[in-house]
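Novice: Quick one: structure below, then a few questions.
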Amino acid sequence: DGIRGLVRSRGLGDVYKRKGDYMCSFTFPKKITKILMVAMLFLMHQNSYAIEPIIQIHKADQSGAYGLSLGVSDNFFNQQEFNWSISYNRLQDINVNWNDEDIDFSLDTVDLMLSYRFYPKSYYKFVKTLSFEFQAGVGVAITENKFLWPELNEEKIFSEQGDVNGVVAFLVHKKFTKEVSMHLGVKHYSDYSEFGDISSVFLGFSYHFGKKTGY
């Protein structure tokens with residue numbers, strides 16, 4: 001129809017959704033793909049001591065909003081306290097109000113994070129299984145979200161592919177075995193494009209494989 005004609009195809013892998021006059025275009029920008037591949041290959045080449053796949057389930061600070069993260073983490077140069085991570089993140093049903101309309105969007109990002117982990121020393125066995133992690137980095141939007149208002153002939157873009165937003169997180173890890181850990185955390189985007197601040201609490205699991213450094 002005429003409204004859909006306003007959105008041009010961005011190539012294979014595009015997905016368009018329509019809810020009234022809400023449109024969401026999702027694709028993975030080629031430039032970002034190349035940057036991520038180069039960064040990941042470099043980091044893995046420099047150090048592959050304890051690659052750590054991660055899965056997380058998120059509950060955002062808005063009613064009904066939830067999400068999922070899939071990522072991989074590793075430490076820097078055999079230093080278990082300093083880590084990097086790359087993850088794909090999807091938050092569903094993030095609400096924004098525009099022209100007295102409540103609109104729900106799906107947000108997809110790739111987060112690039114650097115972190116510091118603190119391992120407490122204690123005589124108590126339970127405390128020794130804990131670690132605390134602070135993360136800081138950027139989230140790169142891979143979703144374009146916009147709303148068309150036909151009666152007013154207006155278009156509002158809430159996020160564009162390639163938008164870069166700051167993000168921080170705090171996690172508490174509980175180690176069950178040398179390989180398996182669970183973590184509970186909170187994540188915060190202080191200013192996500194036109195959506196404003198977005199926070200979520202999450203529960204995740206990770207599995208260490210490869211050479212271990214201090215586990």
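Scheme for the structure tokens: letters A, B, ... for chains in order shown; per-chain residue numbers from 1; ligand numbers from 1 in order shown.
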Taking 5 positions as the minimum chain separation for residues in the same chain, which residues sit within 7 Å of Gln161 (chain A) when counting only C-alpha atoms? Answer as a PyMOL selection string.

Specialist: chain A and resi 141-144

Novice: I'd like a table as a Markdown table: residues in region 119-174 of chain A with an atom no more than 10 Å from region 96-101 of chain A, each row giving the shortest atom pair and its distance in Å to one decimal, only C-alpha atoms counted, sorted by chain and rising residue number.

Specialist:
| residue | atom | partner | partner_atom | distance |
| --- | --- | --- | --- | --- |
| A:Phe147 | CA | A:Trp98 | CA | 8.8 |
| A:Trp149 | CA | A:Asn99 | CA | 9.1 |
| A:Lys156 | CA | A:Trp98 | CA | 8.5 |
| A:Phe158 | CA | A:Val96 | CA | 8.9 |

Novice: Print the selection's residues with N, CA and C atoms to a file, as a compact mmCIF listing (two decimals), in the first residue's frame.

Specialist:
# COMPACT_ATOMS: atom_id res chain seq x y z
N PHE A 147 7.03 5.57 13.18
CA PHE A 147 5.57 5.58 13.23
C PHE A 147 5.06 6.61 12.24
N TRP A 149 1.88 8.78 10.78
CA TRP A 149 0.59 9.35 11.19
C TRP A 149 -0.10 9.90 9.95
N LYS A 156 7.55 9.86 12.45
CA LYS A 156 8.44 10.00 13.59
C LYS A 156 9.37 8.80 13.65
N PHE A 158 12.04 6.82 15.76
CA PHE A 158 12.46 6.66 17.15
C PHE A 158 13.86 6.08 17.28

Novice: Just checking: using only C-alpha atoms, which residue out of A:Glu133, A:Asp93, A:Asp104, A:Asp111 ends up closest to His183 (chain A)?

Specialist: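 Selected residue with least distance to His183 (chain A): A:Glu133.
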
Novice: Find the residues near Glu160 (chain A): any atom within 10 Å, counting only C-alpha atoms, skip ones fewer than 3 places away on the same chain, and give them as a ChimeraX atom specification.

Specialist: /A:24-26,140-146,157,163-164,193-194

Novice: Using Å and a single decimal, report how far CA of Val167 (chain A) sits from CA of Leu68 (chain A).

Specialist: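 Atom-to-atom, CA of Leu68 (chain A) and CA of Val167 (chain A) are spaced 15.9 Å apart.
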
Novice: When DSSP is applied to the backbone of this structure, which of region 57-148 of chain A are assigned strand (DSSP E)? Write them out as an MDAnalysis selection string.

Specialist: chainID A and resid 57:60 66:76 79:98 101:118 130:141 143:148

Novice: Could you check how far CA of Phe82 (chain A) sits from CA of Gly137 (chain A), in Å to one decimal?

Specialist: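 Calculated distance between CA of Phe82 (chain A) and CA of Gly137 (chain A) is 13.5 Å.
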
Novice: Contacts of Gly166 (chain A) at 7 Å or less, counting only C-alpha atoms, minus same-chain residues fewer than 3 places along, as a PyMOL selection string?

Specialist: chain A and resi 137-139+189-190

Novice: With N, CA and C atoms retained, export the selected residues as an mmCIF file, in the first residue's frame.

Specialist:
data_model
loop_
_atom_site.group_PDB
_atom_site.id
_atom_site.type_symbol
_atom_site.label_atom_id
_atom_site.label_comp_id
_atom_site.auth_asym_id
_atom_site.auth_seq_id
_atom_site.Cartn_x
_atom_site.Cartn_y
_atom_site.Cartn_z
ATOM 1 N N GLY A 137 29.936 0.024 28.157
ATOM 2 C CA GLY A 137 30.201 -0.090 26.730
ATOM 3 C C GLY A 137 29.164 0.647 25.907
ATOM 4 N N VAL A 138 28.946 0.159 24.691
ATOM 5 C CA VAL A 138 27.994 0.782 23.777
ATOM 6 C C VAL A 138 27.075 -0.281 23.200
ATOM 7 N N GLY A 139 25.840 0.148 22.932
ATOM 8 C CA GLY A 139 24.886 -0.686 22.219
ATOM 9 C C GLY A 139 24.640 -0.077 20.842
ATOM 10 N N TYR A 189 20.424 1.499 29.744
ATOM 11 C CA TYR A 189 20.736 2.426 28.648
ATOM 12 C C TYR A 189 20.270 3.801 29.121
ATOM 13 N N SER A 190 21.173 4.722 29.304
ATOM 14 C CA SER A 190 20.798 6.018 29.868
ATOM 15 C C SER A 190 20.018 6.885 28.889
#

Novice: In terms of the shortest atom-to-atom distance over only C-alpha atoms, which of A:Ala136, A:Val168, A:Leu114, A:Ile103 is closest to Asp197 (chain A)?

Specialist: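 Of A:Ala136, A:Val168, A:Leu114, A:Ile103, the one nearest Asp197 (chain A), counting only C-alpha atoms, is A:Val168.
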
Novice: Between A:His58, A:Lys128, A:His208, A:Lys175, which is the closest to Lys187 (chain A) once you count only C-alpha atoms?

Specialist: A:His58

Novice: Quick check, in Å to one decimal: how far apart do CA of Val180 (chain A) and CA of Phe132 (chain A) lie?

Specialist: 15.8 Å

Novice: Looking only at the backbone, which of the residues in region 114-163 of chain A does DSSP tag as alpha helix (DSSP H), as a list of chain:residue names?

Specialist: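 Written out, the alpha helix (DSSP H) residues of region 114-163 of chain A are A:Lys125, A:Phe126, A:Val127, A:Lys128.
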